[in-house]
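Data from structure-v9.pdb: PDB, C-alpha atoms and all ligand atoms
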ATOM      1  CA  MET H   1       0.000   0.000   0.000
ATOM      2  CA  ASP H   2       1.181   3.471  -0.768
ATOM      3  CA  GLY H   3       1.443   5.306   2.554
ATOM      4  CA  GLY H   4       0.488   8.604   0.916
ATOM      5  CA  ARG H   5      -2.928   7.281   0.031
ATOM      6  CA  TRP H   6      -3.868   7.043   3.677
ATOM      7  CA  ASP H   7      -3.334  10.713   4.505
ATOM      8  CA  ASP H   8      -7.062  11.333   4.747
ATOM      9  CA  LEU H   9      -7.804   8.207   6.801
ATOM     10  CA  ASP H  10      -9.520   9.050  10.094
ATOM     11  CA  ALA H  11      -8.869   7.059  13.256
ATOM     12  CA  ALA H  12     -12.240   5.258  13.247
ATOM     13  CA  THR H  13     -11.759   4.052   9.654
ATOM     14  CA  ALA H  14      -8.190   2.985  10.377
ATOM     15  CA  LEU H  15      -9.391   0.985  13.378
ATOM     16  CA  ALA H  16     -12.181  -0.621  11.337
ATOM     17  CA  LEU H  17      -9.654  -1.661   8.674
ATOM     18  CA  LEU H  18      -7.331  -3.088  11.304
ATOM     19  CA  GLU H  19     -10.180  -5.075  12.853
ATOM     20  CA  TRP H  20     -11.183  -6.335   9.463
ATOM     21  CA  GLN H  21      -7.620  -7.470   8.703
ATOM     22  CA  ALA H  22      -7.490  -9.325  12.032
ATOM     23  CA  GLU H  23     -10.878 -10.875  11.229
ATOM     24  CA  MET H  24      -9.470 -11.973   7.865
ATOM     25  CA  GLY H  25      -6.730 -13.870   9.654
ATOM     26  CA  ALA H  26      -4.018 -11.334   8.827
ATOM     27  CA  ASP H  27      -2.300 -11.887  12.142
ATOM     28  CA  GLU H  28       1.205 -11.747  10.672
ATOM     29  CA  PRO H  29       2.846  -8.825   8.871
ATOM     30  CA  VAL H  30       4.137 -11.102   6.079
ATOM     31  CA  LEU H  31       2.720 -13.996   4.116
ATOM     32  CA  ASP H  32       4.244 -17.494   3.935
ATOM     33  CA  ALA H  33       6.226 -16.419   0.870
ATOM     34  CA  PRO H  34       7.754 -12.923   1.080
ATOM     35  CA  LEU H  35       6.738 -10.445  -1.611
ATOM     36  CA  ASP H  36       9.538  -8.248  -2.983
ATOM     37  CA  ARG H  37       7.538  -5.131  -3.803
ATOM     38  CA  PHE H  38      10.489  -3.407  -5.505
ATOM     39  CA  ALA H  39      10.858  -6.341  -7.867
ATOM     40  CA  VAL H  40       7.097  -6.400  -8.333
ATOM     41  CA  SER H  41       6.816  -2.799  -9.452
ATOM     42  CA  ASP H  42       9.985  -2.840 -11.586
ATOM     43  CA  ARG H  43       9.496  -6.113 -13.365
ATOM     44  CA  PRO H  44       5.915  -7.106 -13.826
ATOM     45  CA  PRO H  45       5.752 -10.898 -13.724
ATOM     46  CA  ALA H  46       4.556 -12.559 -16.875
ATOM     47  CA  PRO H  47       0.892 -13.449 -16.454
ATOM     48  CA  PRO H  48       0.568 -17.140 -15.667
ATOM     49  CA  PRO H  49      -0.833 -19.065 -18.587
ATOM     50  CA  ALA H  50      -4.562 -19.429 -18.485
ATOM     51  CA  ALA H  51      -5.493 -22.843 -17.156
ATOM     52  CA  ALA H  52      -6.437 -24.857 -20.207
ATOM     53  CA  PRO H  53      -9.991 -26.050 -19.734
ATOM     54  CA  SER H  54     -10.329 -29.738 -20.353
ATOM     55  CA  LYS H  55     -12.479 -30.731 -23.265
ATOM     56  CA  SER H  56     -15.248 -31.997 -21.038
ATOM     57  CA  ALA H  57     -15.194 -28.793 -18.988
ATOM     58  CA  ALA H  58     -15.343 -26.306 -21.868
ATOM     59  CA  PRO H  59     -17.411 -23.176 -21.193
ATOM     60  CA  PRO H  60     -21.050 -23.868 -21.853
ATOM     61  CA  GLU H  61     -21.701 -23.346 -25.549
ATOM     62  CA  PRO H  62     -24.545 -20.954 -26.142
ATOM     63  CA  GLU H  63     -27.542 -23.091 -26.902
ATOM     64  CA  PRO H  64     -28.512 -22.845 -30.534
ATOM     65  CA  GLY H  65     -31.829 -21.450 -29.425
ATOM     66  CA  LEU H  66     -33.437 -18.369 -30.819
ATOM     67  CA  TRP H  67     -33.220 -16.648 -27.458
ATOM     68  CA  VAL H  68     -29.454 -16.972 -27.313
ATOM     69  CA  ALA H  69     -29.205 -15.581 -30.840
ATOM     70  CA  GLU H  70     -31.473 -12.728 -29.771
ATOM     71  CA  ALA H  71     -29.328 -12.085 -26.674
ATOM     72  CA  ILE H  72     -26.206 -11.887 -28.853
ATOM     73  CA  ARG H  73     -27.902  -9.505 -31.284
ATOM     74  CA  LEU H  74     -29.154  -7.197 -28.524
ATOM     75  CA  ALA H  75     -25.904  -7.207 -26.577
ATOM     76  CA  GLU H  76     -23.715  -6.524 -29.581
ATOM     77  CA  ALA H  77     -25.917  -3.621 -30.671
ATOM     78  CA  ALA H  78     -25.483  -1.874 -27.299
ATOM     79  CA  GLN H  79     -23.078   1.050 -27.614
ATOM     80  CA  SER H  80     -23.148   2.134 -23.972
ATOM     81  CA  LEU H  81     -23.873   0.713 -20.534
ATOM     82  CA  ASP H  82     -27.259   2.457 -20.578
ATOM     83  CA  ASP H  83     -28.079   0.815 -23.922
ATOM     84  CA  LEU H  84     -27.003  -2.535 -22.553
ATOM     85  CA  ALA H  85     -29.037  -2.205 -19.356
ATOM     86  CA  THR H  86     -32.141  -1.279 -21.367
ATOM     87  CA  ALA H  87     -31.659  -4.151 -23.813
ATOM     88  CA  GLN H  88     -31.003  -6.722 -21.087
ATOM     89  CA  GLU H  89     -33.934  -5.599 -18.948
ATOM     90  CA  ARG H  90     -36.265  -5.915 -21.939
ATOM     91  CA  PHE H  91     -34.960  -9.371 -22.864
ATOM     92  CA  ASP H  92     -37.788 -11.848 -22.394
ATOM     93  CA  GLY H  93     -36.107 -15.200 -22.993
ATOM     94  CA  ILE H  94     -35.481 -16.056 -19.383
ATOM     95  CA  GLU H  95     -38.281 -17.347 -17.171
ATOM     96  CA  LEU H  96     -36.809 -16.263 -13.859
ATOM     97  CA  LYS H  97     -37.371 -12.636 -14.854
ATOM     98  CA  LYS H  98     -41.074 -13.226 -14.151
ATOM     99  CA  GLY H  99     -40.537 -14.324 -10.570
ATOM    100  CA  ALA H 100     -37.893 -11.775  -9.645
ATOM    101  CA  GLY H 101     -38.519  -8.371  -8.060
ATOM    102  CA  ARG H 102     -35.997  -5.873  -9.458
ATOM    103  CA  PHE H 103     -33.607  -5.996 -12.402
ATOM    104  CA  VAL H 104     -30.092  -5.778 -10.923
ATOM    105  CA  PHE H 105     -27.646  -4.493 -13.519
ATOM    106  CA  ALA H 106     -24.530  -3.185 -11.779
ATOM    107  CA  ASP H 107     -23.096  -0.835  -9.196
ATOM    108  CA  GLY H 108     -19.912   1.149  -8.755
ATOM    109  CA  ASN H 109     -17.695   3.274 -10.922
ATOM    110  CA  PRO H 110     -17.722   2.278 -14.632
ATOM    111  CA  ALA H 111     -14.203   3.716 -14.930
ATOM    112  CA  ALA H 112     -12.905   1.271 -12.291
ATOM    113  CA  ARG H 113      -9.843  -0.826 -13.050
ATOM    114  CA  VAL H 114     -11.366  -3.820 -11.255
ATOM    115  CA  LEU H 115     -14.634  -5.469 -12.229
ATOM    116  CA  ILE H 116     -16.165  -7.941  -9.782
ATOM    117  CA  LEU H 117     -18.381 -10.564 -11.379
ATOM    118  CA  GLY H 118     -20.727 -12.266  -8.919
ATOM    119  CA  GLU H 119     -23.423 -14.857  -9.322
ATOM    120  CA  ALA H 120     -26.935 -13.431  -9.073
ATOM    121  CA  PRO H 121     -28.951 -11.140  -6.845
ATOM    122  CA  GLY H 122     -30.133 -12.478  -3.507
ATOM    123  CA  ASP H 123     -33.151 -11.269  -1.548
ATOM    124  CA  GLU H 124     -31.777  -7.894  -0.527
ATOM    125  CA  GLU H 125     -30.375  -7.167  -3.991
ATOM    126  CA  ASP H 126     -33.763  -8.128  -5.468
ATOM    127  CA  ARG H 127     -35.405  -5.572  -3.180
ATOM    128  CA  GLN H 128     -32.914  -2.744  -3.727
ATOM    129  CA  GLY H 129     -31.997  -3.315  -7.391
ATOM    130  CA  ARG H 130     -28.248  -3.168  -6.608
ATOM    131  CA  PRO H 131     -25.740  -6.026  -6.526
ATOM    132  CA  PHE H 132     -24.024  -7.163  -3.319
ATOM    133  CA  VAL H 133     -25.957  -5.110  -0.783
ATOM    134  CA  GLY H 134     -26.937  -7.922   1.607
ATOM    135  CA  ARG H 135     -24.708  -9.439   4.304
ATOM    136  CA  ALA H 136     -22.312 -10.932   1.753
ATOM    137  CA  GLY H 137     -22.133  -7.585  -0.026
ATOM    138  CA  GLN H 138     -21.328  -5.772   3.182
ATOM    139  CA  LEU H 139     -18.505  -8.219   3.786
ATOM    140  CA  LEU H 140     -17.310  -7.666   0.221
ATOM    141  CA  ASP H 141     -17.210  -3.912   0.869
ATOM    142  CA  ARG H 142     -15.158  -4.443   4.042
ATOM    143  CA  MET H 143     -12.760  -6.798   2.253
ATOM    144  CA  PHE H 144     -11.989  -4.280  -0.463
ATOM    145  CA  ALA H 145     -11.900  -1.344   1.951
ATOM    146  CA  ALA H 146      -9.028  -3.167   3.642
ATOM    147  CA  ILE H 147      -6.967  -2.686   0.471
ATOM    148  CA  GLY H 148      -8.171   0.873  -0.005
ATOM    149  CA  MET H 149     -10.832   0.159  -2.641
ATOM    150  CA  ALA H 150     -14.543   0.967  -2.755
ATOM    151  CA  ARG H 151     -17.342   0.701  -5.276
ATOM    152  CA  ASP H 152     -18.146   4.400  -5.006
ATOM    153  CA  HIS H 153     -14.582   5.677  -5.069
ATOM    154  CA  VAL H 154     -14.219   8.574  -7.499
ATOM    155  CA  ASP H 155     -10.606   7.634  -8.258
ATOM    156  CA  ALA H 156     -10.780   4.876 -10.879
ATOM    157  CA  ALA H 157      -7.580   3.361  -9.498
ATOM    158  CA  ARG H 158      -9.341   2.685  -6.197
ATOM    159  CA  ALA H 159     -12.855   2.086  -7.459
ATOM    160  CA  LEU H 160     -14.788  -1.122  -8.099
ATOM    161  CA  TYR H 161     -17.429  -1.974 -10.638
ATOM    162  CA  ILE H 162     -19.751  -4.820  -9.641
ATOM    163  CA  THR H 163     -22.104  -6.932 -11.705
ATOM    164  CA  ASN H 164     -23.452 -10.489 -11.751
ATOM    165  CA  VAL H 165     -23.815 -13.312 -14.249
ATOM    166  CA  LEU H 166     -27.596 -13.107 -13.755
ATOM    167  CA  PRO H 167     -29.449  -9.798 -13.264
ATOM    168  CA  TRP H 168     -32.547 -11.475 -11.774
ATOM    169  CA  ARG H 169     -32.784 -13.439  -8.524
ATOM    170  CA  PRO H 170     -33.320 -17.163  -9.111
ATOM    171  CA  PRO H 171     -36.254 -18.530  -7.102
ATOM    172  CA  GLY H 172     -35.165 -19.736  -3.687
ATOM    173  CA  ASN H 173     -31.669 -18.438  -4.511
ATOM    174  CA  ARG H 174     -30.909 -21.676  -6.370
ATOM    175  CA  ASP H 175     -27.861 -21.965  -8.634
ATOM    176  CA  PRO H 176     -28.402 -20.590 -12.152
ATOM    177  CA  SER H 177     -28.988 -23.290 -14.776
ATOM    178  CA  ASP H 178     -26.664 -23.748 -17.758
ATOM    179  CA  ALA H 179     -29.429 -22.501 -20.073
ATOM    180  CA  GLU H 180     -29.901 -19.325 -18.012
ATOM    181  CA  MET H 181     -26.167 -18.668 -18.002
ATOM    182  CA  ALA H 182     -25.922 -19.274 -21.757
ATOM    183  CA  MET H 183     -28.641 -16.677 -22.380
ATOM    184  CA  MET H 184     -27.029 -14.085 -20.116
ATOM    185  CA  MET H 185     -23.442 -14.563 -21.262
ATOM    186  CA  PRO H 186     -23.720 -12.353 -24.379
ATOM    187  CA  PHE H 187     -24.800  -9.513 -22.065
ATOM    188  CA  VAL H 188     -22.015 -10.236 -19.565
ATOM    189  CA  ARG H 189     -19.395 -10.323 -22.328
ATOM    190  CA  ARG H 190     -20.583  -7.004 -23.744
ATOM    191  CA  HIS H 191     -20.783  -5.566 -20.227
ATOM    192  CA  VAL H 192     -17.130  -6.425 -19.626
ATOM    193  CA  ASP H 193     -16.116  -5.009 -23.028
ATOM    194  CA  LEU H 194     -17.911  -1.711 -22.356
ATOM    195  CA  VAL H 195     -16.380  -1.300 -18.880
ATOM    196  CA  ALA H 196     -12.969  -2.498 -20.136
ATOM    197  CA  PRO H 197     -11.468  -3.203 -16.689
ATOM    198  CA  ASP H 198      -7.785  -4.047 -16.224
ATOM    199  CA  LEU H 199      -8.637  -6.976 -13.949
ATOM    200  CA  ILE H 200     -11.656  -9.135 -13.242
ATOM    201  CA  VAL H 201     -12.500 -10.888  -9.978
ATOM    202  CA  LEU H 202     -14.591 -14.028 -10.482
ATOM    203  CA  MET H 203     -16.449 -14.163  -7.187
ATOM    204  CA  GLY H 204     -17.372 -17.788  -6.540
ATOM    205  CA  ASN H 205     -18.286 -20.858  -8.551
ATOM    206  CA  THR H 206     -20.998 -19.490 -10.838
ATOM    207  CA  PRO H 207     -18.836 -16.812 -12.523
ATOM    208  CA  CYS H 208     -16.015 -19.377 -12.851
ATOM    209  CA  GLN H 209     -18.445 -21.779 -14.508
ATOM    210  CA  ALA H 210     -19.789 -19.021 -16.770
ATOM    211  CA  ALA H 211     -16.455 -17.476 -17.760
ATOM    212  CA  LEU H 212     -14.004 -20.383 -17.529
ATOM    213  CA  GLY H 213     -16.241 -23.426 -17.864
ATOM    214  CA  ARG H 214     -14.815 -24.671 -14.575
ATOM    215  CA  ARG H 215     -16.080 -25.058 -11.038
ATOM    216  CA  GLY H 216     -14.205 -25.922  -7.851
ATOM    217  CA  ILE H 217     -13.559 -22.482  -6.419
ATOM    218  CA  LEU H 218     -11.465 -23.820  -3.542
ATOM    219  CA  ARG H 219      -8.955 -25.147  -6.084
ATOM    220  CA  LEU H 220      -9.278 -22.229  -8.524
ATOM    221  CA  ARG H 221      -9.060 -19.374  -6.027
ATOM    222  CA  GLY H 222      -5.886 -17.354  -5.857
ATOM    223  CA  THR H 223      -4.533 -18.462  -9.244
ATOM    224  CA  TRP H 224      -4.606 -15.880 -12.010
ATOM    225  CA  THR H 225      -6.255 -16.959 -15.207
ATOM    226  CA  GLU H 226      -7.905 -15.197 -18.138
ATOM    227  CA  ALA H 227     -11.561 -14.373 -18.699
ATOM    228  CA  PHE H 228     -13.077 -12.292 -21.499
ATOM    229  CA  GLY H 229      -9.521 -11.683 -22.744
ATOM    230  CA  ARG H 230      -8.432 -10.061 -19.461
ATOM    231  CA  PRO H 231      -6.514 -11.183 -16.368
ATOM    232  CA  ALA H 232      -8.947 -12.720 -13.921
ATOM    233  CA  LEU H 233      -8.663 -13.865 -10.331
ATOM    234  CA  PRO H 234     -11.104 -16.432  -8.934
ATOM    235  CA  MET H 235     -11.928 -15.740  -5.276
ATOM    236  CA  THR H 236     -14.163 -17.394  -2.729
ATOM    237  CA  HIS H 237     -17.565 -15.733  -2.492
ATOM    238  CA  PRO H 238     -18.123 -13.599   0.621
ATOM    239  CA  ALA H 239     -21.224 -15.697   1.397
ATOM    240  CA  TYR H 240     -18.875 -18.684   1.681
ATOM    241  CA  LEU H 241     -16.575 -16.661   3.937
ATOM    242  CA  LEU H 242     -19.506 -15.823   6.211
ATOM    243  CA  ARG H 243     -20.155 -19.545   6.612
ATOM    244  CA  ASN H 244     -16.462 -20.512   6.771
ATOM    245  CA  PRO H 245     -14.550 -17.748   8.561
ATOM    246  CA  VAL H 246     -11.390 -19.846   8.538
ATOM    247  CA  ALA H 247     -11.217 -19.296   4.748
ATOM    248  CA  LYS H 248     -10.826 -15.537   5.265
ATOM    249  CA  LYS H 249      -7.102 -15.930   5.583
ATOM    250  CA  ASP H 250      -6.865 -17.223   2.001
ATOM    251  CA  ALA H 251      -9.207 -14.470   0.819
ATOM    252  CA  TRP H 252      -6.900 -11.923   2.409
ATOM    253  CA  ALA H 253      -3.940 -13.414   0.547
ATOM    254  CA  ASP H 254      -5.967 -13.173  -2.676
ATOM    255  CA  LEU H 255      -6.747  -9.513  -2.010
ATOM    256  CA  LEU H 256      -3.056  -8.798  -1.500
ATOM    257  CA  GLY H 257      -2.337 -10.622  -4.762
ATOM    258  CA  LEU H 258      -4.915  -8.440  -6.515
ATOM    259  CA  GLN H 259      -3.385  -5.315  -5.041
ATOM    260  CA  ALA H 260       0.112  -6.384  -6.145
ATOM    261  CA  ARG H 261      -1.149  -7.151  -9.647
ATOM    262  CA  LEU H 262      -2.754  -3.705  -9.861
ATOM    263  CA  GLU H 263       0.565  -2.166  -8.894
ATOM    264  CA  THR H 264       2.356  -4.053 -11.673
ATOM    265  CA  LEU H 265      -0.173  -2.626 -14.132
ATOM    266  CA  ALA H 266      -0.048   0.889 -12.680
ATOM    267  CA  VAL H 267       0.087   3.579 -15.337
TER     268      VAL H 267
HETATM  269  N1  LIG H 301     -24.228 -12.734  -4.299
HETATM  270  C1  LIG H 301     -23.868 -12.480  -5.569
HETATM  271  O1  LIG H 301     -23.161 -13.260  -6.175
HETATM  272  N2  LIG H 301     -24.295 -11.350  -6.109
HETATM  273  C2  LIG H 301     -25.036 -10.473  -5.465
HETATM  274  O2  LIG H 301     -25.380  -9.448  -6.034
HETATM  275  C3  LIG H 301     -25.403 -10.749  -4.137
HETATM  276  C4  LIG H 301     -24.970 -11.885  -3.566
END
Please lay out the structure from this file as structure tokens.
Amino acid sequence: MDGGRWDDLDAATALALLEWQAEMGADEPVLDAPLDRFAVSDRPPAPPPAAAPSKSAAPPEPEPGLWVAEAIRLAEAAQSLDDLATAQERFDGIELKKGAGRFVFADGNPAARVLILGEAPGDEEDRQGRPFVGRAGQLLDRMFAAIGMARDHVDAARALYITNVLPWRPPGNRDPSDAEMAMMMPFVRRHVDLVAPDLIVLMGNTPCQAALGRRGILRLRGTWTEAFGRPALPMTHPAYLLRNPVAKKDAWADLLGLQARLETLAV
């Protein structure tokens, strides 16, 4: 972290960040493997090769249905995020739209360098029409605050942009089906292209399945890969961290890895 960035940090915020780091398991000033930050900023490491998906685990092919073709047509025609939101909200191919409350498109700063891709709205998101505003979302905010980042930060270098694979809550918060993901992927792809982030965080299994064609977040987490043609970091979902606090230590290591990667890409 750049000490100068913390000039405007008040004591209460500093204490909250410290408590959060302790909660994350950051009870040591260094990780298992030391990180040479001078080497990091001088010589950006070559991105690790994207894990080659096995043939059987290839990303779900868009179904040759008319609705997928329609989703591709609508998404590709969108020239702005507003266009895309309007087109996706009007899209009628997906049944769960009928049972959901609000359309949940995105939140945060569209100029952000980091885009977080989650799964789907839960109950609170469905009520408010914003992603990650329930308990898991509050934890997500605290996690990123600990590395000086926030969804509403005006400085793009410290801002986040947040969206989901699905913009409508699945009934009973069940996992999205392959067909639902296939219909939404043209919109997600276009969404990522329009935001053009430097880095993507794949938050949990569903975005890994959608973007990489792979599940198994506990194996995937922490290893850089590529999604939508950009560096991507799978991380455990904050809802999982709420249920398994012991995993927060790994999530903290992943956040530090994200921060280091941002520094290597600093303009
Ligand atoms: N979980 C997600 O993956 N996305 C949300 O918006 C809320 C919870």
Residues near Ala156 in chain H, cut-off 12 Å, only C-alpha atoms, skip fewer than 5 positions along chain, as a PDB file with C-alpha atoms, keeping the file's coordinate frame:
ATOM      1  CA  GLY H 108     -19.912   1.149  -8.755  1.00  0.00           C
ATOM      2  CA  ASN H 109     -17.695   3.274 -10.922  1.00  0.00           C
ATOM      3  CA  PRO H 110     -17.722   2.278 -14.632  1.00  0.00           C
ATOM      4  CA  ALA H 111     -14.203   3.716 -14.930  1.00  0.00           C
ATOM      5  CA  ALA H 112     -12.905   1.271 -12.291  1.00  0.00           C
ATOM      6  CA  ARG H 113      -9.843  -0.826 -13.050  1.00  0.00           C
ATOM      7  CA  VAL H 114     -11.366  -3.820 -11.255  1.00  0.00           C
ATOM      8  CA  LEU H 115     -14.634  -5.469 -12.229  1.00  0.00           C
ATOM      9  CA  GLY H 148      -8.171   0.873  -0.005  1.00  0.00           C
ATOM     10  CA  MET H 149     -10.832   0.159  -2.641  1.00  0.00           C
ATOM     11  CA  ALA H 150     -14.543   0.967  -2.755  1.00  0.00           C
ATOM     12  CA  ARG H 151     -17.342   0.701  -5.276  1.00  0.00           C
ATOM     13  CA  TYR H 161     -17.429  -1.974 -10.638  1.00  0.00           C
ATOM     14  CA  VAL H 195     -16.380  -1.300 -18.880  1.00  0.00           C
ATOM     15  CA  PRO H 197     -11.468  -3.203 -16.689  1.00  0.00           C
ATOM     16  CA  ASP H 198      -7.785  -4.047 -16.224  1.00  0.00           C
ATOM     17  CA  LEU H 262      -2.754  -3.705  -9.861  1.00  0.00           C
ATOM     18  CA  ALA H 266      -0.048   0.889 -12.680  1.00  0.00           C
ATOM     19  CA  VAL H 267       0.087   3.579 -15.337  1.00  0.00           C
TER      20      VAL H 267
END
Within 6 Å of ligand LIG 301 (chain H), counting all atoms listed in the file, which protein or nucleic acid residues do you find, written as number ranges by chain?
H: 118-122, 125, 131-132, 164
The PyMOL selection byres (((chain H and resi 187-190) around 8) and not hetatm) applied to the shown file, residues as a PDB file with C-alpha atoms, in the coordinates of the input:
ATOM      1  CA  ALA H  71     -29.328 -12.085 -26.674  1.00  0.00           C
ATOM      2  CA  ILE H  72     -26.206 -11.887 -28.853  1.00  0.00           C
ATOM      3  CA  ALA H  75     -25.904  -7.207 -26.577  1.00  0.00           C
ATOM      4  CA  GLU H  76     -23.715  -6.524 -29.581  1.00  0.00           C
ATOM      5  CA  ALA H  78     -25.483  -1.874 -27.299  1.00  0.00           C
ATOM      6  CA  LEU H  84     -27.003  -2.535 -22.553  1.00  0.00           C
ATOM      7  CA  GLN H  88     -31.003  -6.722 -21.087  1.00  0.00           C
ATOM      8  CA  ASN H 164     -23.452 -10.489 -11.751  1.00  0.00           C
ATOM      9  CA  VAL H 165     -23.815 -13.312 -14.249  1.00  0.00           C
ATOM     10  CA  MET H 184     -27.029 -14.085 -20.116  1.00  0.00           C
ATOM     11  CA  MET H 185     -23.442 -14.563 -21.262  1.00  0.00           C
ATOM     12  CA  PRO H 186     -23.720 -12.353 -24.379  1.00  0.00           C
ATOM     13  CA  HIS H 191     -20.783  -5.566 -20.227  1.00  0.00           C
ATOM     14  CA  VAL H 192     -17.130  -6.425 -19.626  1.00  0.00           C
ATOM     15  CA  ASP H 193     -16.116  -5.009 -23.028  1.00  0.00           C
ATOM     16  CA  LEU H 194     -17.911  -1.711 -22.356  1.00  0.00           C
ATOM     17  CA  PHE H 228     -13.077 -12.292 -21.499  1.00  0.00           C
TER      18      PHE H 228
END
H:Thr264, H:Leu81, H:Ala182, H:Met143: which is nearest Asp250 in chain H, counting all atoms listed in the file?
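Of all the options, H:Met143 lies closest to Asp250 in chain H.
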Selection in question (the file shown): the PyMOL selection byres (((chain H and resi 200-213) around 6) and not hetatm). Which residues does it include, as a list in words?
Ala57, Ala58, Pro59, Val114, Leu115, Ile116, Leu117, Gly118, Glu119, Leu199, Arg214, Arg215, Ile217, Ala227, Ala232, Leu233, Pro234, Met235, Thr236 and His237 of chain H
What is the CA of Gly93 in chain H to CA of Trp67 in chain H distance in Å?
5.5 Å
Could you tell me how far CA of Ala87 in chain H sits from CA of Gly101 in chain H, in Å to one decimal place?
17.7 Å
Calculate how many Å separate CA of Val104 in chain H from CA of Thr223 in chain H, rounding to one decimal.
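Pair CA of Val104 in chain H / CA of Thr223 in chain H returns 28.6 Å.
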Go through H:Glu124, H:Arg219, H:Val68, H:Asp92 one by one, measure the shortest atom-to-atom distance of each to Ala136 in chain H using only C-alpha atoms, and give the residue with the smallest value.
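Checking each of H:Glu124, H:Arg219, H:Val68, H:Asp92 against Ala136 in chain H, counting only C-alpha atoms, the winner is H:Glu124.
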Tell me which residues the PyMOL selection byres (((chain H and resi 167) around 6) and not hetatm) grabs here, as a compact mmCIF listing (two decimals) with C-alpha atoms, in the frame of the given file.
# COMPACT_ATOMS: atom_id res chain seq x y z
CA PHE H 103 -33.61 -6.00 -12.40
CA VAL H 104 -30.09 -5.78 -10.92
CA PHE H 105 -27.65 -4.49 -13.52
CA LEU H 166 -27.60 -13.11 -13.76
CA TRP H 168 -32.55 -11.48 -11.77
Pick from H:Thr163, H:Gln138, H:Thr225, H:Gln259: nearest to Ala239 in chain H, with all atoms listed in the file counted?
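Going through H:Thr163, H:Gln138, H:Thr225, H:Gln259 one by one, the smallest distance to Ala239 in chain H is for H:Gln138.
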